[in-house]
Structures are given as structure tokens and as C-alpha cells.
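Novice: My structure is below; once you've seen it, I'll send some questions.
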Amino acid sequence: MIAAVGFMPSSPAQADPDIDTVQKRVDHLYHQAEQAQERYNDAKLELRQLQGDLDSLQADQDRQDAAFDEVRGQVQDSIIRQYEGEALSTVGQVVVSDDPQSFLAQLSTMSAFNDLQSQLFDKYATAADELGIRQTATQKRAAEVAATEKKLADEKAIVDKKLAEAKAVLGDLKDKEREEMLSRGVVRVPSDVPASGRAAAAVQYAMAQVGKAYVYGAAGPNAFDCSGLTMMAWAQAGVGLPHSSSAQYGTGPHIAEADLQPGDLVFYYSPISHVGMYIGNGMIVNAENPSAGVKVTSLHAMPYVGAVRPG
């Protein structure tokens, strides 16, 4: 008797991911890269502040070094004079004096000399303490600078890694599918944005950059990241902003969504890692990601956090 052998039907080959799935994957990788880039921008600001503090501390230490050397020289001279008998000579002059007034004057001189010596040694001890404090503070700040520089390198590595992963995902798509994915979400650019005051200059600059490339860490003239675009736009209006979305969130009064006006900065994600500029009618202009570049999109195309009015 021949036993019947059952065959399990083979499972169909796993289907290629659809465009929406790939889009979400790429967007996620771009967002991870942007988060790392904004942390990198924050670390650069921190490093600049730390370096300024370190330079100031170093200058203070140099001045303290000079003051310490001066006091040390004075103490050395005093010890040498004492060793050579200056104080004993004064005592001898007092003892052999026949003039009471001269005796008192000499005694006063000797007392003043001893007081001066005491003050000099106190000054020496104080200067030594102050120098020690300055040296400790300088060493601490120098260690913080080194740690921040390492943080910069780590964040830059994350940016490069996530960008490479996104490019690899895009590279696996066929040309037609890739073009379809990158063309999604295209919005007609308004021909006129009703901005006034200093905001008008900021909006005009930002809108003029639509179509330019997104490059992590860039601030023009040919490419931007999100905070680089808003920083440069408001610079045209004479308003200085840091190159960091989270730092820009603290640069002006917070504005309710119902009160948004063209030129206001709008922020996304928690923690904040993206910024754009409101241009009216529920739209923003922003440097979005390496696939989209600088573009106009909906106010709520990303998780909205809040808004700030610079200037």
C-alpha cells in the first residue's frame, strides 16, 4: 500500500511594500535624522557658549597668574630684607636713640613694617586661593567643552546614518514609483502672502527659497534645513535667531493658533525638532526634508506643537 503524501502549497512570495509604506519609512528616517541634526545644532550653540566661558575663565586665570606672581615677588623681597636684618636694624636704632620723639617715630616705623609684612602674606594667601578657584573652574569648563564636542560627533554620525538608510530605501524603488512618492503633497505656491511690518521681509525671503534643496545643517544660500531657513528669513528683518528649532521656540511670545499671522514661526513634534513659517490660510513654508526641499504645505501636515512671533 502506498501512503498518500500531502504537499503544503507554497506561500506566495512576499509582496513588495506599497508606496505608502515606503513613504512612511522614509519620512520616519528623515525625521530621525532631523531630530539628530537639531540636537547637533543645540550642541553647537552650547559649545559656542562654553567656549566663550572658557576663554573668559582663561583670561581671568591669566590675570590671576600675573597678580599672584606680583604678590609672590613682594613676599620674596620681604623675606630677603628680613633675612638681611632690616627689622633688627630698626630695633637697634630705636634702642640707642636719645630722642623720645625719634624713639616713637622709629617704633611706629617698625610696627608699620611688621603690619605691612602681615598684610603681604595675607594677600599672598588670598591670591593663591583665587588662582586655585580659577584653575578649577577653567578645567571644569574645558571638560564640558570636550564632552560637547563628542556629543556633536555622535549626533552627526546619527544624521549620516539615517540619511544613508533613507537613500537606500529610496534606491530600492523603481524610478516611476520613486517619482510618484516624491511628488505627493505638492501644494500650489501662493502668489502673494499678506504680511506686514518686519514680518513681510521674513516671509518674502522664505517664499523666495521654495524649490531649493534641504541639506542638514545648511542655512543658505542654495540649501537649508528647517531652522536654517527661518533663521535666515528673519535675519532679513533684522531679527537674530539661533540655528535650532527648540532654541527658536524660546525667542518670542507664544501665539495661539487662532491668532497666527504670516511670519510667525510654527513648531512640530515633542520634543520640538522642526520649525516652519506660517504664511496664512492654514499654510506654512518650510524646509521639509531632503526629498521635499523647501516647500509650502499645510499647517497640520506634521504634529503641531505651538507658535512664536519673533521680533
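Note on naming: chains are A, B, ... as they come in the C-alpha cells, residues start from 1 per chain, ligands start from 1 in the order shown.
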Find the residues near range 219-228 of chain A: any atom within 6 Å, counting only C-alpha atoms, skip ones fewer than 3 places away on the same chain, and give them as JSON, numbers by chain.
Specialist: {"A": [212, 213, 214, 215, 216, 231, 243, 244, 245, 275, 287]}
Novice: Please dump the current selection as a PDB file, in the first residue's frame; keep all heavy atoms.
Specialist:
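Saved to selection24.pdb:
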ATOM      1  N   LYS A 212      14.233  75.135  -3.352  1.00  0.00           N
ATOM      2  CA  LYS A 212      15.649  74.872  -3.092  1.00  0.00           C
ATOM      3  C   LYS A 212      15.803  73.594  -2.261  1.00  0.00           C
ATOM      4  O   LYS A 212      14.848  73.074  -1.694  1.00  0.00           O
ATOM      5  CB  LYS A 212      16.291  76.064  -2.381  1.00  0.00           C
ATOM      6  CG  LYS A 212      16.430  77.279  -3.296  1.00  0.00           C
ATOM      7  CD  LYS A 212      17.243  78.398  -2.655  1.00  0.00           C
ATOM      8  CE  LYS A 212      17.419  79.563  -3.621  1.00  0.00           C
ATOM      9  NZ  LYS A 212      18.198  80.678  -3.021  1.00  0.00           N
ATOM     10  N   ALA A 213      17.023  73.133  -2.186  1.00  0.00           N
ATOM     11  CA  ALA A 213      17.301  71.843  -1.555  1.00  0.00           C
ATOM     12  C   ALA A 213      17.285  71.919  -0.032  1.00  0.00           C
ATOM     13  O   ALA A 213      17.520  72.971   0.560  1.00  0.00           O
ATOM     14  CB  ALA A 213      18.658  71.323  -2.022  1.00  0.00           C
ATOM     15  N   TYR A 214      16.981  70.765   0.568  1.00  0.00           N
ATOM     16  CA  TYR A 214      17.127  70.595   2.020  1.00  0.00           C
ATOM     17  C   TYR A 214      18.451  69.883   2.261  1.00  0.00           C
ATOM     18  O   TYR A 214      18.687  68.793   1.736  1.00  0.00           O
ATOM     19  CB  TYR A 214      15.975  69.760   2.572  1.00  0.00           C
ATOM     20  CG  TYR A 214      16.022  69.556   4.078  1.00  0.00           C
ATOM     21  CD1 TYR A 214      15.091  70.175   4.907  1.00  0.00           C
ATOM     22  CD2 TYR A 214      16.983  68.732   4.671  1.00  0.00           C
ATOM     23  CE1 TYR A 214      15.116  69.986   6.283  1.00  0.00           C
ATOM     24  CE2 TYR A 214      17.017  68.539   6.041  1.00  0.00           C
ATOM     25  CZ  TYR A 214      16.088  69.169   6.842  1.00  0.00           C
ATOM     26  OH  TYR A 214      16.130  68.989   8.203  1.00  0.00           O
ATOM     27  N   VAL A 215      19.303  70.500   3.081  1.00  0.00           N
ATOM     28  CA  VAL A 215      20.564  69.872   3.485  1.00  0.00           C
ATOM     29  C   VAL A 215      20.705  70.060   4.988  1.00  0.00           C
ATOM     30  O   VAL A 215      20.584  71.178   5.491  1.00  0.00           O
ATOM     31  CB  VAL A 215      21.770  70.487   2.751  1.00  0.00           C
ATOM     32  CG1 VAL A 215      23.077  69.949   3.320  1.00  0.00           C
ATOM     33  CG2 VAL A 215      21.695  70.216   1.253  1.00  0.00           C
ATOM     34  N   TYR A 216      20.957  68.976   5.693  1.00  0.00           N
ATOM     35  CA  TYR A 216      21.089  69.059   7.142  1.00  0.00           C
ATOM     36  C   TYR A 216      22.217  70.021   7.528  1.00  0.00           C
ATOM     37  O   TYR A 216      23.332  69.924   7.030  1.00  0.00           O
ATOM     38  CB  TYR A 216      21.361  67.670   7.737  1.00  0.00           C
ATOM     39  CG  TYR A 216      20.190  66.734   7.581  1.00  0.00           C
ATOM     40  CD1 TYR A 216      20.205  65.699   6.651  1.00  0.00           C
ATOM     41  CD2 TYR A 216      19.051  66.889   8.360  1.00  0.00           C
ATOM     42  CE1 TYR A 216      19.121  64.845   6.502  1.00  0.00           C
ATOM     43  CE2 TYR A 216      17.955  66.038   8.212  1.00  0.00           C
ATOM     44  CZ  TYR A 216      18.000  65.026   7.283  1.00  0.00           C
ATOM     45  OH  TYR A 216      16.924  64.184   7.134  1.00  0.00           O
ATOM     46  N   MET A 231      15.831  81.041  10.403  1.00  0.00           N
ATOM     47  CA  MET A 231      16.866  81.940  10.917  1.00  0.00           C
ATOM     48  C   MET A 231      17.251  82.984   9.877  1.00  0.00           C
ATOM     49  O   MET A 231      17.310  84.188  10.166  1.00  0.00           O
ATOM     50  CB  MET A 231      18.107  81.141  11.335  1.00  0.00           C
ATOM     51  CG  MET A 231      19.272  82.014  11.825  1.00  0.00           C
ATOM     52  SD  MET A 231      20.756  81.039  12.216  1.00  0.00           S
ATOM     53  CE  MET A 231      21.314  80.592  10.549  1.00  0.00           C
ATOM     54  N   HIS A 243      20.319  78.965  15.365  1.00  0.00           N
ATOM     55  CA  HIS A 243      20.131  77.909  14.364  1.00  0.00           C
ATOM     56  C   HIS A 243      19.714  76.624  15.077  1.00  0.00           C
ATOM     57  O   HIS A 243      20.465  75.653  15.153  1.00  0.00           O
ATOM     58  CB  HIS A 243      21.423  77.708  13.572  1.00  0.00           C
ATOM     59  CG  HIS A 243      21.246  76.859  12.354  1.00  0.00           C
ATOM     60  ND1 HIS A 243      22.245  76.673  11.425  1.00  0.00           N
ATOM     61  CD2 HIS A 243      20.192  76.140  11.897  1.00  0.00           C
ATOM     62  CE1 HIS A 243      21.814  75.874  10.465  1.00  0.00           C
ATOM     63  NE2 HIS A 243      20.568  75.530  10.745  1.00  0.00           N
ATOM     64  N   SER A 244      18.488  76.639  15.598  1.00  0.00           N
ATOM     65  CA  SER A 244      17.960  75.495  16.332  1.00  0.00           C
ATOM     66  C   SER A 244      16.466  75.689  16.500  1.00  0.00           C
ATOM     67  O   SER A 244      16.022  76.749  16.955  1.00  0.00           O
ATOM     68  CB  SER A 244      18.629  75.378  17.711  1.00  0.00           C
ATOM     69  OG  SER A 244      17.839  74.628  18.610  1.00  0.00           O
ATOM     70  N   SER A 245      15.674  74.686  16.153  1.00  0.00           N
ATOM     71  CA  SER A 245      14.221  74.830  16.271  1.00  0.00           C
ATOM     72  C   SER A 245      13.795  74.955  17.731  1.00  0.00           C
ATOM     73  O   SER A 245      12.950  75.792  18.074  1.00  0.00           O
ATOM     74  CB  SER A 245      13.509  73.647  15.601  1.00  0.00           C
ATOM     75  OG  SER A 245      13.944  72.412  16.151  1.00  0.00           O
ATOM     76  N   VAL A 275      10.693  73.322  12.531  1.00  0.00           N
ATOM     77  CA  VAL A 275      10.074  74.647  12.547  1.00  0.00           C
ATOM     78  C   VAL A 275       9.791  75.074  11.115  1.00  0.00           C
ATOM     79  O   VAL A 275      10.534  74.743  10.184  1.00  0.00           O
ATOM     80  CB  VAL A 275      10.996  75.683  13.252  1.00  0.00           C
ATOM     81  CG1 VAL A 275      12.351  75.794  12.553  1.00  0.00           C
ATOM     82  CG2 VAL A 275      10.326  77.055  13.325  1.00  0.00           C
ATOM     83  N   ALA A 287      11.507  74.229   5.198  1.00  0.00           N
ATOM     84  CA  ALA A 287      12.484  73.302   4.630  1.00  0.00           C
ATOM     85  C   ALA A 287      12.146  71.947   5.238  1.00  0.00           C
ATOM     86  O   ALA A 287      12.372  71.714   6.422  1.00  0.00           O
ATOM     87  CB  ALA A 287      13.905  73.730   4.997  1.00  0.00           C
TER      88      ALA A 287
END
Novice: Using only C-alpha atoms for the distances, tell me which of A:Gln32, A:Gly73, A:His300, A:Gly306 is nearest to Ala164 in chain A.
Specialist: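 Answer, going by the shortest atom-to-atom distance: A:Gln32.
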Novice: Work out how far apart CA of Asn286 in chain A and CA of Leu47 in chain A are and give it in Å to one decimal.
Specialist: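 Answer for the CA of Asn286 in chain A to CA of Leu47 in chain A separation: 26.6 Å.
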